[in-house]
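Trainee: This is the content of final-v5.csv (CSV, C-alpha atoms):
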```csv
chain,number,residue,atom,x,y,z
A,1,MET,CA,81.0,79.8,81.9
A,2,GLU,CA,83.9,81.9,83.1
A,3,THR,CA,83.0,84.9,85.2
A,4,LEU,CA,85.0,88.0,84.6
A,5,SER,CA,86.1,90.0,87.6
A,6,SER,CA,85.2,93.6,87.6
A,7,PRO,CA,88.1,96.0,87.1
A,8,ALA,CA,89.3,98.2,89.9
A,9,VAL,CA,87.6,101.6,89.9
A,10,PRO,CA,90.1,104.4,89.7
A,11,GLY,CA,90.2,106.4,92.9
A,12,ALA,CA,88.3,103.8,94.9
A,13,PRO,CA,89.5,103.3,98.5
A,14,PRO,CA,91.8,100.3,99.1
A,15,ALA,CA,90.4,97.1,100.3
A,16,ALA,CA,90.3,96.4,104.0
A,17,GLY,CA,92.8,93.5,103.6
A,18,SER,CA,95.4,95.6,101.9
A,19,GLU,CA,95.0,98.3,104.5
A,20,ALA,CA,95.5,95.8,107.3
A,21,ARG,CA,98.6,94.4,105.5
A,22,ALA,CA,100.0,97.9,105.1
A,23,ALA,CA,99.4,98.7,108.7
A,24,LEU,CA,101.1,95.5,109.7
A,25,ARG,CA,104.2,96.5,107.8
A,26,ASP,CA,104.1,99.9,109.3
A,27,SER,CA,103.8,98.6,112.9
A,28,VAL,CA,105.9,95.5,113.0
A,29,GLY,CA,109.1,97.4,113.9
A,30,VAL,CA,107.3,99.1,116.9
A,31,GLY,CA,105.8,95.7,117.8
A,32,LEU,CA,109.2,94.2,118.2
A,33,GLY,CA,110.1,97.1,120.5
A,34,PHE,CA,106.9,96.4,122.5
A,35,LEU,CA,107.8,92.8,123.0
A,36,PRO,CA,110.6,93.0,125.6
A,37,LEU,CA,108.8,95.9,127.3
A,38,GLY,CA,105.5,94.0,127.5
A,39,LEU,CA,107.3,90.9,128.8
A,40,ALA,CA,109.0,92.9,131.5
A,41,PHE,CA,105.7,94.5,132.5
A,42,GLY,CA,103.9,91.2,132.7
A,43,ALA,CA,106.7,89.6,134.6
A,44,LEU,CA,106.7,92.5,137.0
A,45,ALA,CA,103.0,92.2,137.6
A,46,ALA,CA,103.3,88.5,138.2
A,47,GLN,CA,106.2,88.9,140.6
A,48,SER,CA,104.2,91.6,142.5
A,49,GLY,CA,101.7,89.0,143.4
A,50,LEU,CA,99.0,89.9,140.9
A,51,ASP,CA,97.1,87.3,138.9
A,52,TRP,CA,98.3,86.6,135.4
A,53,TRP,CA,95.2,88.0,133.8
A,54,TRP,CA,95.7,91.3,135.5
A,55,ALA,CA,98.5,92.3,133.2
A,56,GLY,CA,96.5,91.6,130.0
A,57,LEU,CA,93.5,93.4,131.4
A,58,SER,CA,95.5,96.4,132.4
A,59,ALA,CA,97.2,96.5,129.0
A,60,ALA,CA,93.8,96.3,127.2
A,61,VAL,CA,91.9,98.9,129.4
A,62,ALA,CA,94.6,101.4,130.4
A,63,PHE,CA,97.0,101.1,127.4
A,64,GLY,CA,99.3,103.6,129.1
A,65,GLY,CA,102.7,102.1,128.8
A,66,SER,CA,104.8,103.9,131.4
A,67,PHE,CA,101.7,104.5,133.5
A,68,GLU,CA,100.9,100.8,133.7
A,69,PHE,CA,104.3,100.2,135.4
A,70,LEU,CA,103.3,102.9,137.9
A,71,LEU,CA,99.9,101.3,138.3
A,72,ILE,CA,101.3,98.1,139.6
A,73,GLY,CA,102.8,99.9,142.6
A,74,LEU,CA,99.6,101.8,143.1
A,75,VAL,CA,97.4,98.6,143.0
A,76,THR,CA,99.7,96.6,145.3
A,77,ALA,CA,99.8,99.5,147.8
A,78,ALA,CA,96.0,99.8,147.6
A,79,ALA,CA,96.2,103.5,146.7
A,80,PRO,CA,93.0,105.6,146.7
A,81,LEU,CA,91.2,106.0,143.4
A,82,ALA,CA,91.8,109.8,143.6
A,83,ALA,CA,95.6,109.1,143.7
A,84,VAL,CA,95.4,106.7,140.8
A,85,ALA,CA,93.4,109.2,138.8
A,86,ALA,CA,95.8,112.1,139.6
A,87,SER,CA,98.8,109.9,138.6
A,88,ALA,CA,97.2,108.9,135.4
A,89,LEU,CA,96.5,112.6,134.5
A,90,MET,CA,100.0,113.7,135.2
A,91,VAL,CA,101.7,110.8,133.3
A,92,ASN,CA,99.4,111.0,130.3
A,93,VAL,CA,98.7,114.7,130.0
A,94,ARG,CA,101.0,114.8,127.0
A,95,HIS,CA,98.3,113.1,124.9
A,96,VAL,CA,96.3,116.3,125.1
A,97,PHE,CA,99.0,118.0,123.0
A,98,TYR,CA,99.2,115.0,120.6
A,99,ALA,CA,95.6,115.7,119.6
A,100,LEU,CA,96.6,119.1,118.1
A,101,SER,CA,98.3,117.4,115.1
A,102,PHE,CA,97.0,113.8,115.1
A,103,PRO,CA,95.0,113.2,111.8
A,104,LEU,CA,91.8,112.2,113.6
A,105,HIS,CA,89.7,113.9,110.9
A,106,ARG,CA,90.7,111.1,108.5
A,107,VAL,CA,89.3,108.3,110.7
A,108,PRO,CA,85.9,107.3,109.6
A,109,GLY,CA,82.8,107.1,111.9
A,110,ARG,CA,82.1,108.1,115.4
A,111,LEU,CA,83.1,104.7,116.8
A,112,GLY,CA,86.3,104.8,114.8
A,113,LYS,CA,87.2,108.2,116.1
A,114,ALA,CA,86.4,107.2,119.7
A,115,TYR,CA,88.7,104.2,119.5
A,116,SER,CA,91.4,106.2,117.7
A,117,THR,CA,91.3,108.7,120.5
A,118,TYR,CA,91.4,106.0,123.1
A,119,ALA,CA,94.3,104.1,121.5
A,120,LEU,CA,96.4,107.2,120.8
A,121,CYS,CA,99.8,106.3,122.3
A,122,ASP,CA,103.3,107.8,121.7
A,123,GLU,CA,104.3,105.3,119.1
A,124,ALA,CA,101.0,105.6,117.1
A,125,TYR,CA,101.4,109.4,117.1
A,126,ALA,CA,105.0,109.2,115.9
A,127,LEU,CA,104.1,106.9,113.0
A,128,ALA,CA,100.8,108.6,112.0
A,129,THR,CA,102.3,112.1,111.9
A,130,GLY,CA,105.4,111.3,109.8
A,131,GLY,CA,105.8,112.5,106.2
A,132,ALA,CA,104.9,109.1,104.7
A,133,ALA,CA,101.7,108.9,106.7
A,134,ARG,CA,100.2,112.0,105.1
A,135,ALA,CA,98.7,109.7,102.4
A,136,TRP,CA,97.4,107.1,104.7
A,137,SER,CA,93.7,106.5,104.9
A,138,GLY,CA,91.6,106.5,108.1
A,139,ARG,CA,91.2,102.8,108.0
A,140,ARG,CA,95.0,102.3,107.8
A,141,LEU,CA,95.4,104.5,110.8
A,142,LEU,CA,92.8,102.5,112.7
A,143,TRP,CA,94.5,99.2,111.8
A,144,LEU,CA,97.8,100.6,112.9
A,145,GLN,CA,96.5,101.6,116.3
A,146,PHE,CA,94.7,98.3,116.7
A,147,LEU,CA,97.8,96.3,116.0
A,148,LEU,CA,99.9,98.4,118.4
A,149,HIS,CA,97.2,97.8,121.0
A,150,LEU,CA,97.3,94.1,120.2
A,151,TYR,CA,101.1,93.8,120.5
A,152,TRP,CA,101.0,95.4,123.9
A,153,VAL,CA,98.2,93.2,125.3
A,154,ALA,CA,99.7,90.0,123.9
A,155,SER,CA,103.3,90.7,125.1
A,156,SER,CA,102.0,91.8,128.6
A,157,THR,CA,99.9,88.6,128.9
A,158,ALA,CA,102.8,86.4,127.8
A,159,GLY,CA,105.1,88.1,130.2
A,160,ALA,CA,102.7,87.4,133.1
A,161,LEU,CA,102.3,83.8,132.1
A,162,LEU,CA,106.1,83.4,131.7
A,163,GLY,CA,107.1,85.7,134.6
A,164,SER,CA,108.2,82.9,136.8
A,165,LEU,CA,110.7,81.8,134.1
A,166,VAL,CA,112.4,85.2,133.9
A,167,PRO,CA,115.5,85.4,136.2
A,168,ALA,CA,115.3,88.1,138.8
A,169,GLY,CA,118.8,89.4,137.9
A,170,VAL,CA,117.9,90.2,134.2
A,171,THR,CA,118.5,93.9,133.5
A,172,GLY,CA,118.1,96.1,130.4
A,173,LEU,CA,114.6,95.2,129.4
A,174,ASP,CA,113.4,98.6,130.4
A,175,PHE,CA,115.8,100.2,127.9
A,176,ALA,CA,113.7,98.9,125.0
A,177,LEU,CA,111.3,101.8,125.5
A,178,THR,CA,114.1,104.4,125.5
A,179,ALA,CA,115.6,102.9,122.4
A,180,LEU,CA,112.2,102.8,120.7
A,181,PHE,CA,111.6,106.5,121.4
A,182,THR,CA,115.1,107.4,120.2
A,183,VAL,CA,114.5,105.7,116.8
A,184,LEU,CA,111.0,107.3,116.4
A,185,ALA,CA,112.4,110.7,117.3
A,186,LEU,CA,115.2,110.4,114.7
A,187,ASP,CA,112.7,109.4,112.1
A,188,ALA,CA,110.5,112.4,113.0
A,189,VAL,CA,113.5,114.8,112.7
A,190,ARG,CA,114.4,113.4,109.3
A,191,ASP,CA,110.8,114.0,108.2
A,192,LEU,CA,111.1,117.7,109.1
A,193,ARG,CA,113.2,118.3,106.0
A,194,GLY,CA,115.3,121.1,107.3
A,195,ASP,CA,112.9,122.5,109.9
A,196,LEU,CA,115.6,122.4,112.6
A,197,PRO,CA,114.0,125.0,114.9
A,198,THR,CA,111.3,122.5,115.9
A,199,PRO,CA,113.6,120.1,117.7
A,200,LEU,CA,115.6,123.1,119.0
A,201,LEU,CA,112.4,124.5,120.5
A,202,ALA,CA,111.7,121.2,122.1
A,203,VAL,CA,115.2,121.0,123.7
A,204,LEU,CA,114.9,124.6,125.0
A,205,SER,CA,111.4,123.9,126.4
A,206,ALA,CA,112.8,120.8,128.3
A,207,LEU,CA,115.8,122.7,129.6
A,208,ALA,CA,113.7,125.6,130.8
A,209,ALA,CA,111.2,123.3,132.5
A,210,ARG,CA,114.1,121.4,134.2
A,211,LEU,CA,115.5,124.7,135.6
A,212,LEU,CA,112.2,126.4,136.5
A,213,PHE,CA,109.8,123.6,137.6
A,214,PRO,CA,111.8,120.3,138.0
A,215,GLY,CA,109.0,118.7,139.9
A,216,GLN,CA,106.5,119.3,137.0
A,217,LEU,CA,108.9,118.8,134.2
A,218,LEU,CA,106.7,117.0,131.6
A,219,PRO,CA,103.6,119.2,131.7
A,220,THR,CA,105.7,122.4,131.9
A,221,ALA,CA,107.9,121.4,129.0
A,222,PHE,CA,104.8,120.6,126.9
A,223,ALA,CA,103.2,123.9,127.8
A,224,LEU,CA,106.3,125.8,126.9
A,225,PHE,CA,106.8,123.9,123.7
A,226,THR,CA,103.2,124.6,122.6
A,227,ALA,CA,103.5,128.3,123.5
A,228,LEU,CA,106.7,128.5,121.4
A,229,LEU,CA,105.1,126.7,118.4
A,230,LEU,CA,102.1,129.1,118.6
A,231,ALA,CA,104.4,132.1,118.8
A,232,ARG,CA,106.4,130.9,115.8
A,233,ARG,CA,103.2,130.3,113.9
A,234,LEU,CA,102.0,133.9,114.6
A,235,VAL,CA,105.4,135.3,113.5
A,236,THR,CA,105.7,133.4,110.3
A,237,ALA,CA,102.0,134.1,109.4
A,238,ARG,CA,102.7,137.8,109.6
A,239,GLU,CA,105.8,137.6,107.3
A,240,PRO,CA,105.0,138.6,103.7
A,241,ARG,CA,105.1,135.7,101.2
A,242,ARG,CA,107.7,135.8,98.6
A,243,ALA,CA,106.5,135.7,95.0
```
Could you write out this structure as structure tokens?
Mentor:
Amino acid sequence: METLSSPAVPGAPPAAGSEARAALRDSVGVGLGFLPLGLAFGALAAQSGLDWWWAGLSAAVAFGGSFEFLLIGLVTAAAPLAAVAASALMVNVRHVFYALSFPLHRVPGRLGKAYSTYALCDEAYALATGGAARAWSGRRLLWLQFLLHLYWVASSTAGALLGSLVPAGVTGLDFALTALFTVLALDAVRDLRGDLPTPLLAVLSALAARLLFPGQLLPTAFALFTALLLARRLVTAREPRRA
């Protein structure tokens, strides 16, 4: 006797498999950008005298990208834990501002929210706050972050294992991160749909921070940018709405 499959319920959440496949499509481009950068990080860790597993463990636990490159020098120099913690805070303080607009409220469960907060990186933020991502479910966001995490761990481990095969004179691998950020920034600007003041405010914040506090450029620029966004929000909220 043939069994009839139950029809899909309108409005029901997508299956986990379809969410994972969608997240794979969303993340594969960034994953390709992670590949040369992770290979370079793993090779640098191996050439610094660290065991091959250190690169993969660091990528899984720290998941800090640029901070992990700095961490290699701190570990090999046997820097105090206080110095490591202070460096991590200064490099990753930008994530505090990401939380202001990241759609964490859509992520289901306390465990899911905890992992989403932990795995919040620049690339995940850029993808999850774009115009197309406004309709994504929380499970799709979690799959996206997990896949980005997996790409970084896998490429870093592969780079450590193959580090001895990478010629010392190879250059340009570190430009992959700059190119990746450039593409993500262009996509974000296109999603603004005419809201040009936002990138202009970002440029002005960076220039002011460079002139006023060049030694603390990143946190100063983020603080100025946040203040300008809040000021713009207050001004536009007071303007009377047109009928």
Trainee: Wanna dump the segment 51-116 of chain A-segment 141-151 of chain A contacts at 9 Å for me, each residue with its shortest atom pair and the distance in Å to one decimal, counting all atoms listed in the file, ordered by chain and number, as JSON lines?
Mentor:
```
{"residue": "A:Ala59", "atom": "CA", "partner": "A:His149", "partner_atom": "CA", "distance": 8.1}
{"residue": "A:Ala60", "atom": "CA", "partner": "A:His149", "partner_atom": "CA", "distance": 7.2}
{"residue": "A:Phe63", "atom": "CA", "partner": "A:His149", "partner_atom": "CA", "distance": 7.2}
{"residue": "A:Pro103", "atom": "CA", "partner": "A:Leu141", "partner_atom": "CA", "distance": 8.8}
{"residue": "A:Leu104", "atom": "CA", "partner": "A:Leu141", "partner_atom": "CA", "distance": 8.9}
{"residue": "A:Arg106", "atom": "CA", "partner": "A:Leu141", "partner_atom": "CA", "distance": 8.4}
{"residue": "A:Val107", "atom": "CA", "partner": "A:Leu142", "partner_atom": "CA", "distance": 7.1}
{"residue": "A:Pro108", "atom": "CA", "partner": "A:Leu142", "partner_atom": "CA", "distance": 9.0}
{"residue": "A:Gly112", "atom": "CA", "partner": "A:Leu142", "partner_atom": "CA", "distance": 7.2}
{"residue": "A:Lys113", "atom": "CA", "partner": "A:Leu142", "partner_atom": "CA", "distance": 8.7}
{"residue": "A:Tyr115", "atom": "CA", "partner": "A:Leu142", "partner_atom": "CA", "distance": 8.1}
{"residue": "A:Ser116", "atom": "CA", "partner": "A:Leu142", "partner_atom": "CA", "distance": 6.4}
```
Trainee: What is the atom CA of Gly73 of chain A to atom CA of Ala45 of chain A distance in Å?
Mentor: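 Here the two named atoms are 9.2 Å from each other.
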Trainee: Between atom CA of Arg139 of chain A and atom CA of Arg110 of chain A, what is the distance in Å, rounded to a tenth?
Mentor: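 We find that atom CA of Arg139 of chain A and atom CA of Arg110 of chain A lie 12.9 Å from each other.
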Trainee: Quick one, how far is atom CA of Glu68 of chain A from atom CA of Ala40 of chain A?
Mentor: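 Between atom CA of Glu68 of chain A and atom CA of Ala40 of chain A the gap is 11.5 Å.
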Trainee: Quick one: residues within 6 Å of segment 216-230 of chain A, all atoms listed in the file, excluding same-chain residues fewer than 2 positions away - as a PyMOL selection string?
Mentor: chain A and resi 202+205-206+209-210+213-214+232-233
Trainee: Between A:Ala85, A:Ala77, A:Leu120, A:Ala114, which has the minimum distance to Ala99 of chain A (counting all atoms listed in the file)?
Mentor: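 Among A:Ala85, A:Ala77, A:Leu120, A:Ala114, it is A:Leu120 that comes nearest to Ala99 of chain A.
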Trainee: Could you list as a count of residues only every residue that has an atom within 6 Å of (102.7, 98.1, 139.3), using the file's coordinates and counting only C-alpha atoms?
Mentor: 5
Trainee: Compare A:Leu39, A:Val30, A:Tyr98, A:Glu19 by their minimum atom-to-atom distance to Leu162 of chain A, counting only C-alpha atoms, and give me the closest one.
Mentor: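 The answer is A:Leu39, which sits nearest to Leu162 of chain A.
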